[in-house]
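J.: Contents of query.pdb (PDB, C-alpha atoms, pLDDT in the B column) are below:
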ATOM      1  CA  MET A   1       0.000   0.000   0.000  1.00 84.00           C
ATOM      2  CA  ILE A   2       1.344   3.403  -0.958  1.00 95.00           C
ATOM      3  CA  ASP A   3       1.317   6.252   1.565  1.00 97.00           C
ATOM      4  CA  GLY A   4       2.461   9.838   1.991  1.00 97.00           C
ATOM      5  CA  PRO A   5       2.112  13.098   3.936  1.00 98.00           C
ATOM      6  CA  ARG A   6      -1.285  14.345   5.093  1.00 98.00           C
ATOM      7  CA  ILE A   7      -2.881  17.587   6.239  1.00 98.00           C
ATOM      8  CA  ALA A   8      -5.935  17.372   8.487  1.00 97.00           C
ATOM      9  CA  PRO A   9      -8.964  19.559   7.689  1.00 97.00           C
ATOM     10  CA  ARG A  10      -8.835  23.010   9.252  1.00 96.00           C
ATOM     11  CA  SER A  11     -12.409  22.660  10.497  1.00 94.00           C
ATOM     12  CA  GLY A  12     -11.548  19.439  12.319  1.00 92.00           C
ATOM     13  CA  ALA A  13     -13.996  17.135  10.516  1.00 90.00           C
ATOM     14  CA  ALA A  14     -13.345  15.955   6.974  1.00 97.00           C
ATOM     15  CA  LYS A  15     -16.185  16.450   4.518  1.00 97.00           C
ATOM     16  CA  GLN A  16     -13.997  16.289   1.420  1.00 98.00           C
ATOM     17  CA  LEU A  17     -10.779  14.530   0.426  1.00 98.00           C
ATOM     18  CA  VAL A  18      -8.201  16.047  -1.937  1.00 98.00           C
ATOM     19  CA  VAL A  19      -5.489  13.684  -3.175  1.00 98.00           C
ATOM     20  CA  PHE A  20      -2.358  15.069  -4.849  1.00 98.00           C
ATOM     21  CA  LEU A  21      -0.564  12.906  -7.417  1.00 98.00           C
ATOM     22  CA  HIS A  22       3.012  14.034  -7.988  1.00 98.00           C
ATOM     23  CA  GLY A  23       5.069  13.951 -11.147  1.00 97.00           C
ATOM     24  CA  TYR A  24       7.873  11.681 -12.322  1.00 97.00           C
ATOM     25  CA  GLY A  25      10.927  11.762 -10.062  1.00 96.00           C
ATOM     26  CA  ALA A  26       9.235  13.662  -7.233  1.00 97.00           C
ATOM     27  CA  ASN A  27       7.446  12.287  -4.167  1.00 97.00           C
ATOM     28  CA  GLY A  28       4.521  13.083  -1.910  1.00 97.00           C
ATOM     29  CA  ASP A  29       6.302  16.007  -0.286  1.00 96.00           C
ATOM     30  CA  ASP A  30       6.358  17.842  -3.611  1.00 95.00           C
ATOM     31  CA  LEU A  31       2.663  18.762  -3.738  1.00 97.00           C
ATOM     32  CA  ILE A  32       1.410  18.577  -0.154  1.00 97.00           C
ATOM     33  CA  SER A  33       2.176  22.295   0.271  1.00 96.00           C
ATOM     34  CA  LEU A  34      -0.710  23.015  -2.117  1.00 97.00           C
ATOM     35  CA  GLY A  35      -3.004  21.759   0.613  1.00 97.00           C
ATOM     36  CA  ARG A  36      -1.733  24.442   2.981  1.00 96.00           C
ATOM     37  CA  GLU A  37      -2.340  27.058   0.296  1.00 96.00           C
ATOM     38  CA  TRP A  38      -5.910  25.828  -0.194  1.00 98.00           C
ATOM     39  CA  GLN A  39      -6.946  25.350   3.443  1.00 97.00           C
ATOM     40  CA  ALA A  40      -8.672  28.734   3.590  1.00 96.00           C
ATOM     41  CA  LEU A  41     -10.738  27.890   0.511  1.00 96.00           C
ATOM     42  CA  LEU A  42     -11.355  24.275   1.552  1.00 97.00           C
ATOM     43  CA  PRO A  43     -11.509  24.219   5.381  1.00 97.00           C
ATOM     44  CA  ASP A  44     -13.419  20.915   5.430  1.00 97.00           C
ATOM     45  CA  ALA A  45     -10.977  19.081   3.161  1.00 98.00           C
ATOM     46  CA  ALA A  46      -8.430  16.505   4.229  1.00 98.00           C
ATOM     47  CA  PHE A  47      -5.328  16.518   2.009  1.00 98.00           C
ATOM     48  CA  VAL A  48      -2.982  13.643   1.244  1.00 98.00           C
ATOM     49  CA  SER A  49      -0.108  13.278  -1.209  1.00 98.00           C
ATOM     50  CA  PRO A  50       0.960   9.635  -1.653  1.00 98.00           C
ATOM     51  CA  ASN A  51       4.359   8.573  -2.881  1.00 97.00           C
ATOM     52  CA  ALA A  52       4.107   6.775  -6.214  1.00 98.00           C
ATOM     53  CA  PRO A  53       4.706   3.010  -5.977  1.00 96.00           C
ATOM     54  CA  GLU A  54       7.997   2.692  -7.875  1.00 96.00           C
ATOM     55  CA  PRO A  55      11.450   4.173  -7.240  1.00 94.00           C
ATOM     56  CA  VAL A  56      13.074   5.990 -10.118  1.00 95.00           C
ATOM     57  CA  PRO A  57      16.084   3.938 -11.310  1.00 89.00           C
ATOM     58  CA  GLY A  58      19.287   5.502 -10.027  1.00 87.00           C
ATOM     59  CA  TYR A  59      17.405   8.017  -7.905  1.00 87.00           C
ATOM     60  CA  PRO A  60      15.819   6.236  -4.911  1.00 78.00           C
ATOM     61  CA  ALA A  61      14.452   9.452  -3.380  1.00 86.00           C
ATOM     62  CA  GLY A  62      12.327  10.006  -6.485  1.00 95.00           C
ATOM     63  CA  ARG A  63       9.220   8.005  -7.267  1.00 97.00           C
ATOM     64  CA  GLN A  64       7.308   7.194 -10.439  1.00 97.00           C
ATOM     65  CA  TRP A  65       3.827   5.962 -11.187  1.00 98.00           C
ATOM     66  CA  PHE A  66       5.332   4.102 -14.133  1.00 97.00           C
ATOM     67  CA  GLY A  67       8.662   3.928 -15.928  1.00 94.00           C
ATOM     68  CA  LEU A  68       9.556   5.985 -18.972  1.00 90.00           C
ATOM     69  CA  THR A  69      11.962   5.063 -21.767  1.00 85.00           C
ATOM     70  CA  PHE A  70      10.483   7.357 -24.476  1.00 80.00           C
ATOM     71  CA  ARG A  71      11.114   4.524 -26.950  1.00 85.00           C
ATOM     72  CA  ASP A  72       7.648   2.943 -26.812  1.00 87.00           C
ATOM     73  CA  PRO A  73       4.672   5.043 -28.001  1.00 88.00           C
ATOM     74  CA  ASP A  74       2.312   3.032 -25.783  1.00 93.00           C
ATOM     75  CA  GLU A  75       4.377   2.971 -22.591  1.00 95.00           C
ATOM     76  CA  ARG A  76       2.268   5.742 -21.026  1.00 96.00           C
ATOM     77  CA  TRP A  77      -0.921   3.818 -21.780  1.00 95.00           C
ATOM     78  CA  ARG A  78       0.424   0.600 -20.318  1.00 95.00           C
ATOM     79  CA  GLY A  79       1.835   2.589 -17.409  1.00 97.00           C
ATOM     80  CA  VAL A  80      -1.385   4.269 -16.327  1.00 97.00           C
ATOM     81  CA  THR A  81      -3.296   1.021 -16.799  1.00 96.00           C
ATOM     82  CA  LYS A  82      -0.858  -0.919 -14.624  1.00 96.00           C
ATOM     83  CA  ALA A  83      -0.709   1.735 -11.890  1.00 97.00           C
ATOM     84  CA  GLN A  84      -4.467   2.331 -11.671  1.00 97.00           C
ATOM     85  CA  PRO A  85      -5.283  -0.591  -9.290  1.00 97.00           C
ATOM     86  CA  VAL A  86      -2.572   0.539  -6.868  1.00 98.00           C
ATOM     87  CA  LEU A  87      -3.945   4.070  -6.861  1.00 98.00           C
ATOM     88  CA  ASP A  88      -7.560   2.890  -6.564  1.00 97.00           C
ATOM     89  CA  GLU A  89      -6.686   0.775  -3.533  1.00 98.00           C
ATOM     90  CA  PHE A  90      -5.121   3.800  -1.854  1.00 98.00           C
ATOM     91  CA  LEU A  91      -8.050   6.081  -2.702  1.00 98.00           C
ATOM     92  CA  ASP A  92     -10.606   3.611  -1.364  1.00 97.00           C
ATOM     93  CA  ALA A  93      -8.622   3.174   1.846  1.00 97.00           C
ATOM     94  CA  GLU A  94      -8.236   6.916   2.307  1.00 98.00           C
ATOM     95  CA  LEU A  95     -11.957   7.517   1.822  1.00 98.00           C
ATOM     96  CA  ALA A  96     -12.663   4.827   4.410  1.00 97.00           C
ATOM     97  CA  ARG A  97     -10.113   6.382   6.786  1.00 96.00           C
ATOM     98  CA  ASN A  98     -12.019   9.668   6.604  1.00 97.00           C
ATOM     99  CA  ASN A  99     -15.468   8.004   6.567  1.00 97.00           C
ATOM    100  CA  LEU A 100     -16.323   9.686   3.267  1.00 97.00           C
ATOM    101  CA  PRO A 101     -18.285   8.545   0.190  1.00 97.00           C
ATOM    102  CA  PRO A 102     -16.518   8.260  -3.198  1.00 96.00           C
ATOM    103  CA  SER A 103     -18.246  11.431  -4.379  1.00 96.00           C
ATOM    104  CA  ALA A 104     -16.340  13.477  -1.762  1.00 97.00           C
ATOM    105  CA  LEU A 105     -13.023  12.856  -3.547  1.00 98.00           C
ATOM    106  CA  ALA A 106     -11.074  15.211  -5.809  1.00 98.00           C
ATOM    107  CA  LEU A 107      -7.832  14.359  -7.595  1.00 98.00           C
ATOM    108  CA  VAL A 108      -5.114  16.916  -8.311  1.00 98.00           C
ATOM    109  CA  GLY A 109      -2.223  15.823 -10.509  1.00 98.00           C
ATOM    110  CA  PHE A 110       0.985  17.280 -11.833  1.00 98.00           C
ATOM    111  CA  SER A 111       2.646  15.971 -15.013  1.00 98.00           C
ATOM    112  CA  GLN A 112       2.700  12.161 -14.718  1.00 98.00           C
ATOM    113  CA  GLY A 113       0.322  12.569 -11.790  1.00 98.00           C
ATOM    114  CA  THR A 114      -2.154  14.317 -14.092  1.00 98.00           C
ATOM    115  CA  MET A 115      -2.001  11.325 -16.418  1.00 98.00           C
ATOM    116  CA  MET A 116      -2.913   9.125 -13.464  1.00 98.00           C
ATOM    117  CA  ALA A 117      -5.641  11.462 -12.193  1.00 98.00           C
ATOM    118  CA  LEU A 118      -7.396  11.570 -15.555  1.00 98.00           C
ATOM    119  CA  HIS A 119      -7.040   7.860 -16.262  1.00 97.00           C
ATOM    120  CA  ALA A 120      -8.079   6.557 -12.846  1.00 97.00           C
ATOM    121  CA  GLY A 121     -10.532   9.329 -12.037  1.00 97.00           C
ATOM    122  CA  LEU A 122     -12.787   8.722 -15.031  1.00 96.00           C
ATOM    123  CA  ARG A 123     -12.931   5.013 -14.196  1.00 95.00           C
ATOM    124  CA  ARG A 124     -13.957   5.317 -10.549  1.00 94.00           C
ATOM    125  CA  PRO A 125     -17.514   4.917  -9.250  1.00 89.00           C
ATOM    126  CA  ALA A 126     -17.797   8.614  -8.360  1.00 91.00           C
ATOM    127  CA  LEU A 127     -15.648  11.720  -8.164  1.00 95.00           C
ATOM    128  CA  ALA A 128     -16.174  15.390  -7.330  1.00 97.00           C
ATOM    129  CA  ALA A 129     -13.534  16.913  -9.636  1.00 98.00           C
ATOM    130  CA  ILE A 130     -10.130  16.548 -11.278  1.00 98.00           C
ATOM    131  CA  VAL A 131      -7.479  19.257 -11.570  1.00 98.00           C
ATOM    132  CA  GLY A 132      -4.557  18.511 -13.866  1.00 98.00           C
ATOM    133  CA  TYR A 133      -1.400  20.615 -14.057  1.00 98.00           C
ATOM    134  CA  SER A 134       1.184  20.258 -16.853  1.00 98.00           C
ATOM    135  CA  GLY A 135      -0.033  16.832 -17.934  1.00 98.00           C
ATOM    136  CA  THR A 136      -1.998  15.062 -20.620  1.00 97.00           C
ATOM    137  CA  LEU A 137      -4.827  12.630 -21.225  1.00 97.00           C
ATOM    138  CA  VAL A 138      -3.214   9.295 -22.068  1.00 96.00           C
ATOM    139  CA  MET A 139      -4.738   7.401 -24.977  1.00 92.00           C
ATOM    140  CA  PRO A 140      -3.623   4.195 -26.713  1.00 92.00           C
ATOM    141  CA  THR A 141      -2.222   4.333 -30.229  1.00 89.00           C
ATOM    142  CA  ASN A 142      -4.393   1.377 -31.292  1.00 88.00           C
ATOM    143  CA  LYS A 143      -7.564   2.910 -32.745  1.00 82.00           C
ATOM    144  CA  GLU A 144      -9.682  -0.147 -31.971  1.00 82.00           C
ATOM    145  CA  VAL A 145      -8.689   0.038 -28.298  1.00 83.00           C
ATOM    146  CA  ALA A 146      -9.258   3.789 -28.276  1.00 81.00           C
ATOM    147  CA  THR A 147     -12.820   3.458 -29.566  1.00 82.00           C
ATOM    148  CA  LYS A 148     -13.694   1.216 -26.616  1.00 83.00           C
ATOM    149  CA  ILE A 149     -12.551   3.726 -24.007  1.00 86.00           C
ATOM    150  CA  LEU A 150     -15.979   5.313 -23.773  1.00 79.00           C
ATOM    151  CA  GLU A 151     -17.220   1.994 -22.370  1.00 84.00           C
ATOM    152  CA  GLU A 152     -14.674   2.261 -19.539  1.00 87.00           C
ATOM    153  CA  ILE A 153     -15.740   5.736 -18.458  1.00 90.00           C
ATOM    154  CA  ARG A 154     -17.828   5.424 -15.314  1.00 84.00           C
ATOM    155  CA  VAL A 155     -18.147   9.075 -14.268  1.00 89.00           C
ATOM    156  CA  LYS A 156     -17.727  12.458 -15.896  1.00 94.00           C
ATOM    157  CA  PRO A 157     -16.583  14.879 -13.197  1.00 96.00           C
ATOM    158  CA  PRO A 158     -15.708  18.485 -13.999  1.00 97.00           C
ATOM    159  CA  VAL A 159     -12.075  18.813 -15.066  1.00 98.00           C
ATOM    160  CA  LEU A 160      -9.712  21.787 -14.961  1.00 98.00           C
ATOM    161  CA  LEU A 161      -6.499  21.628 -17.010  1.00 98.00           C
ATOM    162  CA  VAL A 162      -3.706  24.155 -16.441  1.00 98.00           C
ATOM    163  CA  HIS A 163      -0.520  24.306 -18.503  1.00 98.00           C
ATOM    164  CA  GLY A 164       2.414  26.648 -18.990  1.00 98.00           C
ATOM    165  CA  ASP A 165       2.849  28.005 -22.511  1.00 97.00           C
ATOM    166  CA  GLN A 166       6.639  27.573 -22.183  1.00 98.00           C
ATOM    167  CA  ASP A 167       6.530  23.951 -20.995  1.00 98.00           C
ATOM    168  CA  ASP A 168       9.427  22.058 -22.596  1.00 96.00           C
ATOM    169  CA  VAL A 169       8.682  18.733 -20.855  1.00 96.00           C
ATOM    170  CA  ILE A 170       5.070  18.238 -21.919  1.00 97.00           C
ATOM    171  CA  PRO A 171       4.359  20.853 -24.615  1.00 97.00           C
ATOM    172  CA  ALA A 172       1.394  23.168 -24.170  1.00 97.00           C
ATOM    173  CA  GLN A 173      -0.298  21.562 -27.185  1.00 97.00           C
ATOM    174  CA  ALA A 174      -1.089  18.666 -24.844  1.00 97.00           C
ATOM    175  CA  LEU A 175      -3.557  20.949 -23.067  1.00 97.00           C
ATOM    176  CA  PHE A 176      -5.688  21.389 -26.175  1.00 97.00           C
ATOM    177  CA  VAL A 177      -5.402  17.766 -27.288  1.00 96.00           C
ATOM    178  CA  SER A 178      -6.451  16.626 -23.814  1.00 97.00           C
ATOM    179  CA  ALA A 179      -9.348  19.074 -23.620  1.00 97.00           C
ATOM    180  CA  GLN A 180     -10.578  17.892 -27.011  1.00 95.00           C
ATOM    181  CA  GLY A 181     -10.206  14.250 -26.022  1.00 93.00           C
ATOM    182  CA  LEU A 182     -12.079  14.736 -22.756  1.00 94.00           C
ATOM    183  CA  GLY A 183     -14.790  16.683 -24.557  1.00 94.00           C
ATOM    184  CA  SER A 184     -15.266  13.810 -26.999  1.00 90.00           C
ATOM    185  CA  LEU A 185     -15.868  11.572 -23.967  1.00 90.00           C
ATOM    186  CA  GLY A 186     -18.569  13.927 -22.716  1.00 92.00           C
ATOM    187  CA  VAL A 187     -16.494  15.404 -19.908  1.00 95.00           C
ATOM    188  CA  ALA A 188     -16.943  19.103 -19.074  1.00 95.00           C
ATOM    189  CA  VAL A 189     -13.501  20.733 -19.285  1.00 97.00           C
ATOM    190  CA  GLU A 190     -12.172  24.135 -18.298  1.00 97.00           C
ATOM    191  CA  TRP A 191      -8.606  25.097 -19.145  1.00 98.00           C
ATOM    192  CA  HIS A 192      -6.057  27.821 -18.546  1.00 98.00           C
ATOM    193  CA  LEU A 193      -2.775  28.519 -20.331  1.00 97.00           C
ATOM    194  CA  SER A 194      -0.268  30.215 -18.004  1.00 97.00           C
ATOM    195  CA  GLN A 195       1.773  32.781 -19.911  1.00 96.00           C
ATOM    196  CA  GLY A 196       5.563  32.615 -19.539  1.00 97.00           C
ATOM    197  CA  ILE A 197       5.426  29.482 -17.378  1.00 97.00           C
ATOM    198  CA  GLY A 198       7.360  26.282 -18.026  1.00 97.00           C
ATOM    199  CA  HIS A 199       6.782  22.870 -16.442  1.00 97.00           C
ATOM    200  CA  GLY A 200       5.369  24.131 -13.176  1.00 97.00           C
ATOM    201  CA  ILE A 201       2.490  25.832 -11.362  1.00 97.00           C
ATOM    202  CA  ASP A 202       2.266  29.605 -11.009  1.00 97.00           C
ATOM    203  CA  GLY A 203       0.165  31.683  -8.633  1.00 96.00           C
ATOM    204  CA  ASP A 204      -2.701  32.057 -11.086  1.00 96.00           C
ATOM    205  CA  GLY A 205      -2.832  28.323 -11.693  1.00 97.00           C
ATOM    206  CA  LEU A 206      -2.789  27.648  -7.967  1.00 97.00           C
ATOM    207  CA  LYS A 207      -5.655  30.052  -7.333  1.00 97.00           C
ATOM    208  CA  LEU A 208      -7.700  28.671 -10.227  1.00 98.00           C
ATOM    209  CA  GLY A 209      -7.272  25.120  -8.945  1.00 98.00           C
ATOM    210  CA  GLY A 210      -8.392  26.004  -5.442  1.00 98.00           C
ATOM    211  CA  THR A 211     -11.476  27.937  -6.518  1.00 98.00           C
ATOM    212  CA  PHE A 212     -12.374  25.219  -9.028  1.00 98.00           C
ATOM    213  CA  LEU A 213     -12.382  22.609  -6.257  1.00 98.00           C
ATOM    214  CA  GLN A 214     -14.331  24.913  -3.953  1.00 98.00           C
ATOM    215  CA  LYS A 215     -17.083  25.282  -6.556  1.00 97.00           C
ATOM    216  CA  ALA A 216     -17.068  21.567  -7.370  1.00 97.00           C
ATOM    217  CA  PHE A 217     -17.493  20.567  -3.720  1.00 96.00           C
ATOM    218  CA  ARG A 218     -20.243  23.125  -3.173  1.00 92.00           C
ATOM    219  CA  GLY A 219     -22.149  21.705  -6.108  1.00 81.00           C
ATOM    220  CA  ARG A 220     -21.945  18.180  -4.819  1.00 55.00           C
TER     221      ARG A 220
END
Can the structure in the file be given as structure tokens, please?

T.:
Amino acid sequence: MIDGPRIAPRSGAAKQLVVFLHGYGANGDDLISLGREWQALLPDAAFVSPNAPEPVPGYPAGRQWFGLTFRDPDERWRGVTKAQPVLDEFLDAELARNNLPPSALALVGFSQGTMMALHAGLRRPALAAIVGYSGTLVMPTNKEVATKILEEIRVKPPVLLVHGDQDDVIPAQALFVSAQGLGSLGVAVEWHLSQGIGHGIDGDGLKLGGTFLQKAFRGR
């Protein structure tokens, strides 16, 4: 079972759960600070940022949801598919820990964590919202497999995608491709392109993410 740092709800009783999914080579400590930034907006939310299940080869302090060689066009697809059960097990356990229903959950990802949030989130029984920073919707290259994805989609939570226009790790074009892909699946998508920002999260993106979750939880 994966695990990571937590922040208890400011109000004392959890009514929502926000789970941060970090990027390749980082760990749970990388995003948990977002929870402190959002506590004023989300006083009833418990925050947790699990460490991904695999160590990064040659860098044991870093974790990965799946390995990357950049030689296989389908390695991301196989990666998110393989890692989904591990993430689902953690999410179910964390909801039970906080005595919350599945619909009280929101996923917030960065980079590879966004890939996981979008893949796993749309295949769960219920979800309040997904916020994805600097990532992409992972799709298989096989068109026959891709056409069957709609059958896998169990929920269609509101999604916010935020990307830097100067991102040289996952180009900004991924934002528009992902938004289009999610739209074709019937998912309501909002997006924001951060000007002058590379592979990271700026103040505007942070504020947008927090207010997006606040609205999503209020509408639940």

J.: So, with all atoms listed in the file as the atoms that count, which of A:Gly198, A:Ala117, A:Lys207, A:Val138 lies closest to A:Val159?

T.: A:Ala117

J.: Starting from the displayed file, determine the output of the PyMOL selection byres ((chain A and resi 108) around 9) and express the residue list as a PyMOL selection string.

T.: chain A and resi 18-22+106-107+109-110+113-114+117+129-133+209

J.: Evaluate the PyMOL selection byres ((chain A and resi 17) around 10) and record the selected residues as a PyMOL selection string, following the chain and residue labels used in the document.

T.: chain A and resi 8-9+14-16+18-20+42+44-48+91+94-95+98+100-107+128+217

J.: Could you spell out the hits of the PyMOL selection byres ((chain A and resi 52) around 7) on the shown file, as a compact mmCIF listing (two decimals) with C-alpha atoms, keeping the file's coordinate frame?

T.:
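What landed in expr.txt:
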# COMPACT_ATOMS: atom_id res chain seq x y z
CA ILE A 2 1.34 3.40 -0.96
CA ASN A 27 7.45 12.29 -4.17
CA PRO A 50 0.96 9.64 -1.65
CA ASN A 51 4.36 8.57 -2.88
CA PRO A 53 4.71 3.01 -5.98
CA GLU A 54 8.00 2.69 -7.88
CA ARG A 63 9.22 8.01 -7.27
CA GLN A 64 7.31 7.19 -10.44
CA TRP A 65 3.83 5.96 -11.19

J.: To one decimal in Å, tell me the separation between atom CA of A:Gly23 and atom CA of A:His199.

T.: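 Going from atom CA of A:Gly23 over to atom CA of A:His199, I get 10.5 Å.
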
J.: Name the residues in contact with A:Ile197 at a cut-off of 9 Å, using all atoms listed in the file, excluding same-chain residues fewer than 2 positions from it; report them as a PDB file with C-alpha atoms, in the coordinates of the input.

T.:
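So part_27.pdb came out as:
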ATOM      1  CA  HIS A 163      -0.520  24.306 -18.503  1.00 98.00           C
ATOM      2  CA  GLY A 164       2.414  26.648 -18.990  1.00 98.00           C
ATOM      3  CA  ASP A 165       2.849  28.005 -22.511  1.00 97.00           C
ATOM      4  CA  GLN A 166       6.639  27.573 -22.183  1.00 98.00           C
ATOM      5  CA  ASP A 167       6.530  23.951 -20.995  1.00 98.00           C
ATOM      6  CA  LEU A 193      -2.775  28.519 -20.331  1.00 97.00           C
ATOM      7  CA  SER A 194      -0.268  30.215 -18.004  1.00 97.00           C
ATOM      8  CA  GLN A 195       1.773  32.781 -19.911  1.00 96.00           C
ATOM      9  CA  HIS A 199       6.782  22.870 -16.442  1.00 97.00           C
ATOM     10  CA  GLY A 200       5.369  24.131 -13.176  1.00 97.00           C
ATOM     11  CA  ILE A 201       2.490  25.832 -11.362  1.00 97.00           C
ATOM     12  CA  ASP A 202       2.266  29.605 -11.009  1.00 97.00           C
TER      13      ASP A 202
END

J.: Determine, counting all atoms listed in the file, every residue of protein, DNA or RNA that lies within 8 Å of (-9.7, 29.9, -2.5) in the file coordinates, then give the result as a list in words.

T.: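 It turns out the residues near that spot are Trp38, Gln39, Ala40, Leu41, Leu42, Lys207, Gly210, Thr211 and Gln214 of chain A.
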
J.: How far is it from atom CA of A:Ile149 to atom CA of A:Val162, in Å with one decimal?

T.: 23.5 Å

J.: Go ahead and compute the interatomic distance for atom CA of A:Ala146 and atom CA of A:Arg76, in Å to one decimal.

T.: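 Straight-line distance from atom CA of A:Ala146 to atom CA of A:Arg76 works out to 13.8 Å.
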
J.: Which of these residues is nearest to A:Phe176, using all atoms listed in the file: A:Ser111, A:Ser11, A:Thr136, A:Asn142?

T.: A:Thr136

J.: Pick out the residues sitting within 6 Å of A:Arg123, and hand them over as a list in words; count only C-alpha atoms, and ignore anything fewer than 3 positions along from it in its own chain.

T.: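 With the cut-off at 6 Å, the set is Ala120, Ile153 and Arg154 of chain A.
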
J.: Smallest atom-to-atom distance to A:Arg124: which of A:Val177, A:Val155, A:Ala13, A:Leu161, using all atoms listed in the file?

T.: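 Selected residue with least distance to A:Arg124: A:Val155.
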
J.: Counting only C-alpha atoms, figure out which residue out of A:Arg10, A:Arg78, A:Arg218, A:Arg36 gets nearest to A:Thr141.

T.: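 Distance minimum relative to A:Thr141 lands on A:Arg78.
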
J.: Given 5 Å on each side, where is the centre and what are the edge lengths in Å to one decimal of the axis-aligned box enclosing the listed atoms of stretch 161-174 of chain A, as JSON?

T.:
{"center_x": 1.5, "center_y": 23.1, "center_z": -21.8, "size_x": 25.9, "size_y": 19.8, "size_z": 20.7}

J.: Under the rule that all atoms listed in the file are counted, which of A:Thr147, A:Gln180, A:Gln173, A:Gln112 is the nearest residue to A:Gly25?

T.: A:Gln112

J.: Quick one: of A:Ala172, A:Leu31, A:Trp191, A:Tyr24, who's nearest to A:Met116, counting only C-alpha atoms?

T.: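 Ranked by minimum distance to A:Met116, first place goes to A:Tyr24.
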